[in-house]
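Chemist: Input file: input_24.tsv. Contents: TSV, C-alpha atoms.
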chain	number	residue	atom	x	y	z
A	2	MET	CA	-98.49	20.93	-74.16
A	3	ALA	CA	-95.36	22.00	-76.06
A	4	ALA	CA	-96.16	25.62	-75.23
A	5	SER	CA	-96.44	24.76	-71.53
A	6	LYS	CA	-93.03	23.04	-71.57
A	7	MET	CA	-91.51	26.05	-73.31
A	8	ILE	CA	-92.94	28.42	-70.68
A	9	ILE	CA	-91.59	26.21	-67.86
A	10	SER	CA	-88.18	25.98	-69.53
A	11	CYS	CA	-88.04	29.77	-69.98
A	12	PHE	CA	-89.04	30.26	-66.34
A	13	PHE	CA	-86.24	28.02	-65.08
A	14	PHE	CA	-83.76	29.68	-67.48
A	15	ILE	CA	-84.65	33.13	-66.08
A	16	GLN	CA	-84.31	31.86	-62.50
A	17	VAL	CA	-80.84	30.42	-63.23
A	18	LEU	CA	-79.84	33.63	-64.99
A	19	LEU	CA	-80.89	35.71	-62.00
A	20	LEU	CA	-78.82	33.50	-59.72
A	21	LEU	CA	-75.76	33.85	-61.95
A	22	LEU	CA	-75.98	37.62	-62.56
A	23	PRO	CA	-74.07	38.59	-59.40
A	24	PHE	CA	-71.09	36.57	-60.64
A	25	PHE	CA	-70.96	38.63	-63.84
A	26	ALA	CA	-71.38	42.01	-62.11
A	27	PRO	CA	-68.25	44.16	-61.74
A	28	ALA	CA	-66.50	42.56	-58.77
A	29	ASN	CA	-65.03	45.81	-57.51
A	30	ALA	CA	-68.45	47.38	-57.09
A	31	GLN	CA	-70.09	44.52	-55.18
A	32	GLY	CA	-70.96	45.40	-51.61
A	33	LEU	CA	-70.19	49.12	-51.93
A	34	LYS	CA	-72.84	51.79	-51.67
A	35	VAL	CA	-73.26	55.37	-50.57
A	36	GLY	CA	-74.50	55.41	-46.99
A	37	PHE	CA	-73.27	51.94	-46.09
A	38	TYR	CA	-72.93	52.98	-42.43
A	39	ASP	CA	-76.23	54.85	-42.15
A	40	LYS	CA	-77.67	52.21	-39.80
A	41	LYS	CA	-74.54	50.65	-38.29
A	42	CYS	CA	-72.79	53.95	-37.52
A	43	PRO	CA	-74.96	56.91	-38.58
A	44	LYS	CA	-72.54	59.55	-37.30
A	45	ALA	CA	-69.48	58.07	-39.04
A	46	GLU	CA	-69.26	60.49	-41.98
A	47	ALA	CA	-69.93	63.52	-39.77
A	48	ILE	CA	-67.15	62.42	-37.42
A	49	VAL	CA	-64.71	62.02	-40.33
A	50	LYS	CA	-65.63	65.43	-41.72
A	51	LYS	CA	-65.06	67.15	-38.37
A	52	SER	CA	-61.77	65.35	-37.81
A	53	VAL	CA	-60.48	66.41	-41.23
A	54	ALA	CA	-61.56	70.01	-40.63
A	55	ASP	CA	-59.76	70.02	-37.27
A	56	ALA	CA	-56.60	68.61	-38.85
A	57	MET	CA	-56.61	71.21	-41.59
A	58	LYS	CA	-57.01	74.03	-39.10
A	59	LYS	CA	-53.77	72.87	-37.50
A	60	ASP	CA	-52.03	72.29	-40.83
A	61	PRO	CA	-53.64	73.89	-43.91
A	62	THR	CA	-51.20	72.02	-46.19
A	63	ILE	CA	-52.30	68.54	-45.09
A	64	GLY	CA	-55.30	68.33	-47.46
A	65	ALA	CA	-53.36	67.42	-50.60
A	66	PRO	CA	-51.31	64.67	-48.88
A	67	LEU	CA	-54.52	63.10	-47.57
A	68	LEU	CA	-55.96	63.02	-51.08
A	69	ARG	CA	-52.72	61.57	-52.43
A	70	MET	CA	-52.73	58.83	-49.80
A	71	PHE	CA	-56.02	57.40	-51.08
A	72	PHE	CA	-54.64	57.32	-54.62
A	73	HIS	CA	-51.51	55.50	-53.44
A	74	ASP	CA	-53.62	53.00	-51.51
A	75	CYS	CA	-55.93	52.13	-54.40
A	76	PHE	CA	-53.19	51.59	-56.99
A	77	VAL	CA	-51.49	48.91	-54.86
A	78	ARG	CA	-53.58	45.81	-54.04
A	79	GLY	CA	-56.74	47.90	-54.49
A	80	CYS	CA	-58.43	50.21	-51.97
A	81	ASP	CA	-57.84	48.02	-48.94
A	82	GLY	CA	-55.90	50.27	-46.55
A	83	SER	CA	-52.66	48.36	-47.18
A	84	VAL	CA	-50.70	51.61	-47.45
A	85	LEU	CA	-51.36	52.18	-43.73
A	86	LEU	CA	-49.89	48.89	-42.49
A	87	GLU	CA	-46.47	48.77	-40.86
A	88	LEU	CA	-44.15	45.75	-40.69
A	89	LYS	CA	-41.25	45.26	-38.29
A	90	ASN	CA	-38.92	44.43	-41.20
A	91	LYS	CA	-39.89	47.70	-42.98
A	92	LYS	CA	-40.87	45.78	-46.14
A	93	ASP	CA	-44.27	47.50	-46.21
A	94	GLU	CA	-45.75	49.88	-48.79
A	95	LYS	CA	-44.96	52.88	-46.59
A	96	ASN	CA	-41.25	52.31	-47.09
A	97	ALA	CA	-41.38	52.04	-50.88
A	98	PRO	CA	-39.60	55.02	-52.51
A	99	PRO	CA	-42.80	56.50	-54.03
A	100	ASN	CA	-44.41	56.53	-50.56
A	101	LEU	CA	-41.58	57.99	-48.50
A	102	SER	CA	-42.98	61.50	-49.04
A	103	LEU	CA	-46.50	60.52	-47.96
A	104	ARG	CA	-47.68	62.27	-44.82
A	105	GLY	CA	-50.85	62.56	-42.79
A	106	PHE	CA	-50.84	59.08	-41.27
A	107	GLU	CA	-51.41	60.55	-37.82
A	108	VAL	CA	-54.53	62.26	-39.17
A	109	ILE	CA	-55.87	58.88	-40.31
A	110	ASP	CA	-55.06	57.46	-36.86
A	111	ASN	CA	-57.02	60.25	-35.19
A	112	VAL	CA	-60.00	59.90	-37.52
A	113	LYS	CA	-60.09	56.14	-36.99
A	114	ALA	CA	-59.86	56.55	-33.20
A	115	ALA	CA	-62.77	59.00	-33.22
A	116	VAL	CA	-64.91	56.64	-35.31
A	117	GLU	CA	-63.93	53.66	-33.15
A	118	LYS	CA	-65.03	55.53	-30.05
A	119	GLU	CA	-68.48	55.99	-31.59
A	120	CYS	CA	-68.81	52.59	-33.27
A	121	PRO	CA	-66.16	50.01	-32.30
A	122	GLY	CA	-65.18	47.57	-35.04
A	123	VAL	CA	-67.57	48.90	-37.68
A	124	VAL	CA	-65.85	51.38	-40.01
A	125	SER	CA	-62.85	50.10	-41.95
A	126	CYS	CA	-59.58	51.94	-42.39
A	127	SER	CA	-59.97	51.70	-46.17
A	128	ASP	CA	-63.31	53.53	-45.93
A	129	VAL	CA	-61.74	56.11	-43.63
A	130	LEU	CA	-59.19	56.83	-46.39
A	131	ALA	CA	-61.94	57.24	-48.99
A	132	LEU	CA	-64.00	59.57	-46.81
A	133	VAL	CA	-60.98	61.60	-45.71
A	134	ALA	CA	-59.95	62.15	-49.34
A	135	ARG	CA	-63.38	63.54	-50.21
A	136	ASP	CA	-63.55	65.76	-47.12
A	137	ALA	CA	-60.03	67.07	-47.76
A	138	VAL	CA	-61.05	68.15	-51.26
A	139	VAL	CA	-64.16	69.88	-49.92
A	140	ALA	CA	-62.09	71.65	-47.25
A	141	LEU	CA	-59.87	72.92	-50.09
A	142	ASP	CA	-62.93	74.52	-51.74
A	143	GLY	CA	-63.63	71.62	-54.08
A	144	GLN	CA	-67.04	70.06	-54.67
A	145	SER	CA	-68.33	67.09	-52.71
A	146	TRP	CA	-69.41	63.71	-54.06
A	147	GLY	CA	-71.14	60.65	-52.65
A	148	VAL	CA	-68.49	58.26	-51.38
A	149	GLU	CA	-69.29	54.58	-51.73
A	150	THR	CA	-68.42	52.70	-48.55
A	151	GLY	CA	-68.47	49.09	-47.42
A	152	ARG	CA	-64.80	48.21	-47.98
A	153	ARG	CA	-62.95	45.91	-45.65
A	154	ASP	CA	-59.27	46.05	-44.81
A	155	GLY	CA	-56.54	43.88	-46.29
A	156	ARG	CA	-53.99	42.01	-44.21
A	157	VAL	CA	-51.06	42.21	-46.63
A	158	THR	CA	-48.60	44.99	-47.49
A	159	ASN	CA	-45.63	44.57	-49.80
A	160	ILE	CA	-42.91	47.10	-50.59
A	161	ASN	CA	-42.25	45.64	-54.05
A	162	GLU	CA	-45.89	45.92	-55.10
A	163	ALA	CA	-45.80	49.63	-54.32
A	164	ARG	CA	-42.63	50.01	-56.38
A	165	SER	CA	-44.18	48.35	-59.42
A	166	ASN	CA	-47.80	49.53	-59.32
A	167	LEU	CA	-47.65	53.26	-58.60
A	168	PRO	CA	-47.49	55.61	-61.59
A	169	SER	CA	-44.42	57.84	-61.54
A	170	PRO	CA	-44.24	61.61	-62.06
A	171	LEU	CA	-41.51	60.74	-64.58
A	172	ASP	CA	-43.80	58.55	-66.72
A	173	ASN	CA	-44.60	59.33	-70.34
A	174	ILE	CA	-48.15	59.22	-71.69
A	175	THR	CA	-47.86	55.63	-73.00
A	176	ARG	CA	-46.77	54.33	-69.62
A	177	LEU	CA	-49.47	56.33	-67.80
A	178	ILE	CA	-52.25	55.05	-70.04
A	179	THR	CA	-51.03	51.47	-69.52
A	180	GLN	CA	-50.87	51.89	-65.74
A	181	PHE	CA	-54.35	53.36	-65.50
A	182	ASP	CA	-55.82	50.81	-67.91
A	183	SER	CA	-54.46	48.00	-65.72
A	184	LYS	CA	-56.63	49.36	-62.90
A	185	GLY	CA	-59.76	49.71	-65.01
A	186	LEU	CA	-59.34	53.45	-65.49
A	187	ASP	CA	-59.48	55.10	-68.91
A	188	LYS	CA	-57.79	58.11	-70.52
A	189	LYS	CA	-60.40	60.50	-69.22
A	190	ASP	CA	-59.85	59.22	-65.67
A	191	LEU	CA	-56.11	59.79	-66.18
A	192	ALA	CA	-56.66	63.43	-67.16
A	193	VAL	CA	-59.24	64.03	-64.45
A	194	LEU	CA	-57.30	62.47	-61.58
A	195	SER	CA	-54.12	64.25	-62.69
A	196	GLY	CA	-56.10	67.40	-61.92
A	197	GLY	CA	-55.55	66.55	-58.27
A	198	HIS	CA	-52.18	68.24	-58.75
A	199	THR	CA	-54.04	71.53	-58.50
A	200	VAL	CA	-53.28	71.25	-54.78
A	201	GLY	CA	-50.11	70.36	-52.92
A	202	GLN	CA	-46.38	70.54	-53.45
A	203	GLY	CA	-43.75	68.62	-55.40
A	204	HIS	CA	-40.12	68.09	-54.51
A	205	CYS	CA	-37.11	69.22	-56.54
A	206	PRO	CA	-35.57	65.76	-57.13
A	207	LEU	CA	-38.64	64.76	-59.13
A	208	ILE	CA	-38.15	67.56	-61.66
A	209	ALA	CA	-34.34	67.80	-61.67
A	210	ASN	CA	-34.06	65.84	-64.90
A	211	ARG	CA	-36.53	68.18	-66.61
A	212	LEU	CA	-34.42	71.16	-65.62
A	213	TYR	CA	-30.85	69.96	-66.02
A	214	ASN	CA	-30.38	66.67	-67.84
A	215	PHE	CA	-33.47	65.54	-69.69
A	216	THR	CA	-31.76	63.48	-72.40
A	217	GLY	CA	-28.41	63.01	-70.68
A	218	LYS	CA	-26.82	65.96	-72.48
A	219	GLY	CA	-27.28	68.65	-69.83
A	220	ASP	CA	-30.48	69.93	-71.46
A	221	ARG	CA	-33.97	70.76	-70.21
A	222	ASP	CA	-37.27	69.15	-71.15
A	223	PRO	CA	-38.39	70.79	-74.43
A	224	ASP	CA	-42.00	70.35	-73.31
A	225	LEU	CA	-41.40	72.73	-70.39
A	226	ASP	CA	-42.06	76.45	-70.90
A	227	THR	CA	-38.76	78.36	-71.06
A	228	GLU	CA	-39.65	81.07	-68.54
A	229	TYR	CA	-41.17	78.58	-66.12
A	230	ALA	CA	-38.08	76.37	-66.40
A	231	ALA	CA	-35.86	79.35	-65.61
A	232	SER	CA	-37.87	80.17	-62.48
A	233	LEU	CA	-37.74	76.57	-61.32
A	234	ARG	CA	-33.98	76.42	-61.82
A	235	ILE	CA	-33.59	79.36	-59.43
A	236	LYS	CA	-35.49	77.48	-56.72
A	237	CYS	CA	-34.23	73.95	-57.44
A	238	LYS	CA	-30.50	73.48	-57.70
A	239	PRO	CA	-29.17	70.22	-59.21
A	240	THR	CA	-28.27	68.73	-55.84
A	241	ASP	CA	-31.34	69.97	-53.95
A	242	THR	CA	-33.10	67.02	-52.31
A	243	LYS	CA	-35.39	68.81	-49.87
A	244	THR	CA	-37.07	71.89	-51.36
A	245	ALA	CA	-40.81	71.55	-52.03
A	246	LEU	CA	-42.52	73.84	-54.52
A	247	GLU	CA	-46.16	74.62	-55.24
A	248	MET	CA	-47.39	72.49	-58.15
A	249	ASP	CA	-50.08	75.08	-58.88
A	250	PRO	CA	-48.30	78.36	-57.99
A	251	GLY	CA	-50.51	80.83	-56.13
A	252	SER	CA	-53.38	78.36	-55.89
A	253	PHE	CA	-51.88	75.25	-54.31
A	254	LYS	CA	-54.27	75.37	-51.33
A	255	THR	CA	-57.38	75.69	-53.50
A	256	PHE	CA	-58.98	72.84	-55.41
A	257	ASP	CA	-59.82	74.44	-58.76
A	258	GLU	CA	-59.37	74.12	-62.54
A	259	SER	CA	-56.20	76.24	-62.74
A	260	TYR	CA	-54.06	73.10	-63.10
A	261	PHE	CA	-55.37	72.61	-66.62
A	262	LYS	CA	-54.48	76.17	-67.62
A	263	LEU	CA	-50.92	75.57	-66.47
A	264	VAL	CA	-50.67	72.28	-68.37
A	265	SER	CA	-52.00	73.92	-71.54
A	266	GLN	CA	-49.29	76.60	-71.17
A	267	ARG	CA	-46.59	73.90	-70.85
A	268	ARG	CA	-46.21	74.72	-67.17
A	269	GLY	CA	-47.20	71.37	-65.72
A	270	PHE	CA	-44.89	70.63	-62.78
A	271	PHE	CA	-44.15	66.96	-63.46
A	272	GLN	CA	-43.25	65.20	-66.67
A	273	SER	CA	-46.45	63.20	-66.19
A	274	ASP	CA	-48.44	66.46	-66.21
A	275	ALA	CA	-46.84	67.60	-69.46
A	276	ALA	CA	-47.52	64.15	-70.92
A	277	LEU	CA	-51.27	64.87	-71.00
A	278	LEU	CA	-50.65	67.02	-74.08
A	279	ASN	CA	-49.13	64.05	-75.94
A	280	ASN	CA	-52.38	62.15	-76.42
A	281	GLN	CA	-55.35	63.51	-78.31
A	282	GLU	CA	-57.98	62.41	-75.80
A	283	THR	CA	-56.19	63.66	-72.69
A	284	LYS	CA	-55.17	66.86	-74.47
A	285	SER	CA	-58.76	67.50	-75.54
A	286	TYR	CA	-59.89	67.14	-71.93
A	287	VAL	CA	-57.24	69.59	-70.73
A	288	LEU	CA	-58.27	72.18	-73.32
A	289	LYS	CA	-61.98	71.67	-72.62
A	290	GLN	CA	-61.48	72.80	-69.04
A	291	MET	CA	-60.16	76.12	-70.39
A	292	LYS	CA	-63.43	77.13	-72.06
A	293	ARG	CA	-65.67	79.68	-70.38
A	294	ASP	CA	-68.48	77.85	-68.60
A	295	GLY	CA	-67.20	74.66	-70.21
A	296	SER	CA	-65.29	73.08	-67.35
A	297	THR	CA	-66.67	69.78	-66.08
A	298	PHE	CA	-63.71	69.06	-63.81
A	299	PHE	CA	-65.46	69.22	-60.43
A	300	LYS	CA	-68.20	66.80	-61.48
A	301	ASP	CA	-65.77	64.56	-63.34
A	302	PHE	CA	-63.39	64.38	-60.41
A	303	GLY	CA	-66.08	62.93	-58.16
A	304	VAL	CA	-67.02	60.36	-60.81
A	305	SER	CA	-63.40	59.27	-61.33
A	306	MET	CA	-62.75	59.12	-57.59
A	307	VAL	CA	-65.72	56.78	-57.14
A	308	LYS	CA	-64.46	54.66	-60.02
A	309	MET	CA	-60.94	54.53	-58.56
A	310	GLY	CA	-62.44	53.72	-55.16
A	311	ARG	CA	-63.79	50.44	-56.57
A	312	ILE	CA	-60.39	49.03	-57.53
A	313	GLY	CA	-59.79	45.62	-55.97
A	314	VAL	CA	-62.00	46.21	-52.95
A	315	LEU	CA	-62.63	43.61	-50.26
A	316	THR	CA	-66.25	43.35	-49.16
A	317	GLY	CA	-68.58	40.97	-47.34
A	318	ARG	CA	-66.52	38.57	-45.26
A	319	ALA	CA	-63.23	39.17	-47.06
A	320	GLY	CA	-60.46	40.89	-45.13
A	321	GLU	CA	-61.27	42.49	-41.79
A	322	VAL	CA	-62.16	45.75	-40.08
A	323	ARG	CA	-58.95	46.78	-38.34
A	324	LYS	CA	-59.11	48.22	-34.86
A	325	LYS	CA	-55.96	50.24	-35.54
A	326	CYS	CA	-54.98	51.13	-39.08
A	327	ARG	CA	-51.25	50.48	-38.73
A	328	MET	CA	-51.64	46.80	-37.82
A	329	VAL	CA	-53.82	43.81	-38.55
A	330	ASN	CA	-56.12	42.57	-35.78
Once you've parsed the file, please lay out its structure as structure tokens.

Modeler:
Amino acid sequence: MAASKMIISCFFFIQVLLLLLPFFAPANAQGLKVGFYDKKCPKAEAIVKKSVADAMKKDPTIGAPLLRMFFHDCFVRGCDGSVLLELKNKKDEKNAPPNLSLRGFEVIDNVKAAVEKECPGVVSCSDVLALVARDAVVALDGQSWGVETGRRDGRVTNINEARSNLPSPLDNITRLITQFDSKGLDKKDLAVLSGGHTVGQGHCPLIANRLYNFTGKGDRDPDLDTEYAASLRIKCKPTDTKTALEMDPGSFKTFDESYFKLVSQRRGFFQSDAALLNNQETKSYVLKQMKRDGSTFFKDFGVSMVKMGRIGVLTGRAGEVRKKCRMVN
């Protein structure tokens, strides 16, 4: 009799546990899966891929900005497409100083319009950003990865949240680790995602302090290679606010491991790149990518992008699926 009661009690305990498990699962991952639109909009990913390819034929430099846009979206309010929203009072994320150099919004508009034409009201703007980022990397000769989809779009955008949540190219390693940790990303993710700087350009104002006044005494950053600093000073004058330079010289249109070679040689473009050498774990990752047949960057990048793509997502009935990415429904 006692044994029967114990069996019944255990049965009910297991049933309750099964009911409660979803509440203890990582919230950011709930509702996301690769192939979310396979039944609702089976051509969605193919449409996005073609749209990105068409955009990059017109402007081969647009790939890196599209990748950067997804990063800037996820670090503010999570991956909810809030970076795309526009407010009449200009107090949106787009107008925050770190986002003023973002470009490619018209590409996102075109991708969304193409998907809407095929499947109205089905594919979210936040998922469009995630898919576009992956397809941009592939178009730049990087490796593909399975993108989890199923996000819904947020209805809020706030300029101050962008100011406070986005890591800065001027950050030191302590600040970077803290910023990434606050989003559920670890030191390896920091090193891996920094590798995205293998493509694209950076502007002179963001490195002026490294070249001309690092400690306020008219000096350069001691962590910057002397010859590289001299070449940058030729191209970036102290008052230059417009010039954009290749962050990975000679390879800025190709997604490869060369970024890590530059960082190891103290030729990382930003202070945040150089900072990777100031922590044992991030430094070890940088040096590992230098070994013959030892680089894991391509595989790791996909893993970290999926992980980043789970930050603060809205799924189920939360949020909405915007008809146009620049405004709420």

Chemist: Here is a test: counting only C-alpha atoms, which residue of A:Leu194, A:Val116, A:Leu86, A:Leu212 is nearest to Glu228 (chain A)?

Modeler: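 Of A:Leu194, A:Val116, A:Leu86, A:Leu212, the one nearest Glu228 (chain A) is A:Leu212, counting only C-alpha atoms.
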
Chemist: With a cut-off of 9 Å, could you pull out the residues of region 177-242 of chain A touching region 309-328 of chain A and give me the nearest pair of atoms for each, distance in Å to one decimal, using only C-alpha atoms, ordered by chain and ascending number, as a Markdown table?

Modeler:
| residue | atom | partner | partner_atom | distance |
| --- | --- | --- | --- | --- |
| A:Lys184 | CA | A:Ile312 | CA | 6.6 |
| A:Gly185 | CA | A:Ile312 | CA | 7.5 |
| A:Leu186 | CA | A:Met309 | CA | 7.2 |
| A:Asp190 | CA | A:Met309 | CA | 8.6 |

Chemist: Which residues, written as a PyMOL selection string, have at least one atom at most 9 Å from Tyr38 (chain A), with all atoms listed in the file counted and residues fewer than 6 positions away on the same chain left out?

Modeler: chain A and resi 44-46+123-124+150-151

Chemist: Would you please work out which residue, of A:Val287, A:Glu247, A:Lys292, A:Asp74, is nearest to Gln266 (chain A) when using all atoms listed in the file?

Modeler: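 Of all the options, A:Val287 lies closest to Gln266 (chain A).
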
Chemist: Compare A:Leu132, A:Leu68, A:Leu277, A:Leu288 by their minimum atom-to-atom distance to Pro170 (chain A), counting all atoms listed in the file, and give me the closest one.

Modeler: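 Counting all atoms listed in the file, the residue closest to Pro170 (chain A) is A:Leu277.
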
Chemist: Arg135 (chain A): which residues within 12 Å, counting all atoms listed in the file, same-chain residues fewer than 5 positions away excluded, as a PyMOL selection string?

Modeler: chain A and resi 46+49-50+53-54+64-65+67-72+128-130+140-149+197+256+299+302-307+310

Chemist: Just to confirm, what's the straight-line distance from CA of Ser127 (chain A) to CA of Cys75 (chain A) in Å (one decimal)?

Modeler: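 Rounded to one decimal, the two atoms are 9.2 Å apart.
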
Chemist: Give the answer as one residue: which of A:Ile48, A:Val77, A:Leu278, A:Met57 has the shortest atom-to-atom distance to Asn161 (chain A), using only C-alpha atoms?

Modeler: A:Val77

Chemist: Give the answer as one residue: which of A:Ser183, A:Asn173, A:Asn330, A:Thr240 has the shortest atom-to-atom distance to Ser273 (chain A), using all atoms listed in the file?

Modeler: A:Asn173

Chemist: What's the 10 Å shell around Leu191 (chain A), counting all atoms listed in the file, without same-chain residues fewer than 6 positions away, as a PDB file with C-alpha atoms, keeping the file's coordinate frame?

Modeler:
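The result, written out as around_11.pdb:
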ATOM      1  CA  ILE A 174     -48.150  59.220 -71.690  1.00  0.00           C
ATOM      2  CA  LEU A 177     -49.470  56.330 -67.800  1.00  0.00           C
ATOM      3  CA  ILE A 178     -52.250  55.050 -70.040  1.00  0.00           C
ATOM      4  CA  GLN A 180     -50.870  51.890 -65.740  1.00  0.00           C
ATOM      5  CA  PHE A 181     -54.350  53.360 -65.500  1.00  0.00           C
ATOM      6  CA  ASP A 182     -55.820  50.810 -67.910  1.00  0.00           C
ATOM      7  CA  LEU A 277     -51.270  64.870 -71.000  1.00  0.00           C
ATOM      8  CA  THR A 283     -56.190  63.660 -72.690  1.00  0.00           C
ATOM      9  CA  SER A 305     -63.400  59.270 -61.330  1.00  0.00           C
TER      10      SER A 305
END

Chemist: Can you work out which one of A:Leu246, A:Glu117, A:Phe76, A:Arg267 has the shortest atom-to-atom distance to Thr227 (chain A), counting only C-alpha atoms?

Modeler: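 Result for the nearest residue to Thr227 (chain A): A:Arg267.
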